[in-house]
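Everything below concerns the one structure shown next.
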Amino acid sequence: MFFPPLAIQQQYMLPKTLLTVAMGKLASLHGGALTHAIIRKFVAHYKVDMSEAANPDIESYATFNDFFTRPLREGVRPIAPTDFISPVDAAISQFGPIEHDQIFQAKGHSYSSRALVGGDQQLAHQFDHGHFATLYLAPRDYHRIHMPCDGRLTRMIYVPGELFSVNPLTARHVPGLFARNERVVCVFDCPHGPMVLVLVGATIVGSMATVWHGVINPPRTKEIREWRYDDREIYLAKGAEMGRFLLGSTVVMLFPKNVLTFVQDWAPSRGVKLGEPMATVLG
């Protein structure tokens, strides 16, 4: 299992193949000593700080996925007393204004908010001239996703797509990357208006899951699937866990216009941690 992933991902134009299925199965394998050897090699190669894990004992993890989605030690990620926090440990890919419906990906590349959310123009229109933030989770990062602010879940949309790598090199070369990859679109009503939080798949992503649904993919279908939660009160507080990646990827957030301003020290490529300040309410 280790890791042709990165070597393979350098061929960043690879669409989804049997590789993803095979790697997903390996990651869920109860392999005993083999699994523990793979985890140790991964920890050493990516310099994973196991002292932050709730359970730092590598041999306690039955599968690679158990290790990869490990919870953090209590108190290691304090939640800042600000309006919007970083929902993940990640590197800032890009952030800023949404120009009409165009979201900046990298120099020379943008994509539409409508494409990102699966073609729903009415949903995308709520974020015209708003703001976005794209955060890239590297292999060494904590891979659970938390809420950037308080929110009530209203919809979840599974959008089928490709499984390109999402590393910075790929973002610079694959047009419309985040609106082409498989993704899960989560729609919330928040104190300051609607918010969309998108989990974007990637080459070796075995699956994506949310706390209210569990694993969403597999199954991987060719059709868009949607769930509505009008008759359920699913409310998540700022900092609460909302989902996780099995083998990592990217989070994209959309906010309406005239809602927030990003903190001054945010910049592309800068590393951020869960709970750190991301933005404040305008006015």
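By order in the structure tokens, chains are A, B, ...; within a chain, residues start at 1; ligands start at 1, following the order shown.
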Quiz item: Could you write out, as an NGL selection string, all the residues of region 61-257 of chain A that DSSP marks as strand (DSSP E or B)?
Solution: :A and (72 or 84-85 or 90-97 or 99 or 102-106 or 109-112 or 131-136 or 144-146 or 151-159 or 162 or 181 or 183-190 or 193-200 or 207-210 or 214-217 or 225-228 or 235-236 or 241-246 or 250-255)
Practice problem: Using only C-alpha atoms, determine which residues lie at most 9 Å from Arg270 (chain A), disregarding the query and same-chain residues fewer than 6 positions distant; provide the list as a ChimeraX atom specification. | Solution: /A:90-93
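Every protein or nucleic acid residue with an atom no more than 12 Å from His100 (chain A), counting only C-alpha atoms and leaving out same-chain residues fewer than 6 positions away, appears here: Ser110, Tyr111, Ser112, Ser113, Arg114, Ala124, His125, Gln126, Phe127, Asp128, His129, Gly130, His131, Pro256 and Lys257 of chain A.
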Practice problem: Identify, on the basis of only C-alpha atoms, every residue whose closest approach to Val251 (chain A) does not exceed 9 Å; exclude the query and any residue fewer than 3 positions from it along the same chain; express the result as a ChimeraX atom specification. | Solution: /A:87-88,133-137,145,197-200
Quiz item: For Val117 (chain A), which of A:Met208, A:Ala240, A:Arg144, A:Leu254 is the closest residue, counting only C-alpha atoms?
Solution: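 Among A:Met208, A:Ala240, A:Arg144, A:Leu254, it is A:Leu254 that comes nearest to Val117 (chain A).
DSSP, applied to the backbone of this structure, assigns helix (DSSP H, G or I) to the following residues of region 87-262 of chain A: Ser113, Arg114, Ala115, Leu116, Gln121, Gln122, Leu123, Ala124, His125, Pro168, Leu169, Thr170, Ala171, Arg172, His173, Leu177, Phe178, Ala179 and Arg180 of chain A.
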Self-check item: Non-local contacts of Ala106 (chain A) (9 Å; only C-alpha atoms; under 5 positions in same chain excluded) as a list of chain:residue names
Solution: A:Ser93, A:Gln94, A:Pro168, A:Ala171, A:Arg172, A:His173
Self-check item: Best match for closeness to Asp141 (chain A) among A:Lys222, A:Arg183, A:Lys107, A:Arg70, counting only C-alpha atoms
Solution: A:Arg70
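Counting only C-alpha atoms and comparing A:Asp57, A:Asp189, A:Glu223, A:Glu241, the residue that lies closest to Val211 (chain A) is A:Glu241.
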Practice problem: Write out as a ChimeraX atom specification the residues lying within 10 Å of His45 (chain A), counting only C-alpha atoms and excluding same-chain residues fewer than 3 positions away. | Solution: /A:2,39-42,48,139-140
Self-check item: Separation of CA of Ala279 (chain A) from CA of Ile85 (chain A), in Å and rounded to one decimal
Solution: 6.8 Å
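Shortest atom-to-atom contact with Ala62 (chain A) among A:Val76, A:Ala37, A:Asp83, A:Pro175: A:Ala37, counting only C-alpha atoms.
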Quiz prompt | Residues within 8 Å of Cys149 (chain A), only C-alpha atoms, excluding chain neighbours under 6 positions, as a PyMOL selection string | solution = chain A and resi 83-85+190+237-239
Self-check item: Counting only C-alpha atoms, the residue of A:Phe95, A:Pro218, A:Arg152, A:Ala209 that sits nearest Ala267 (chain A)
Solution: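 Looking at the shortest contact to Ala267 (chain A), the residue is A:Phe95.
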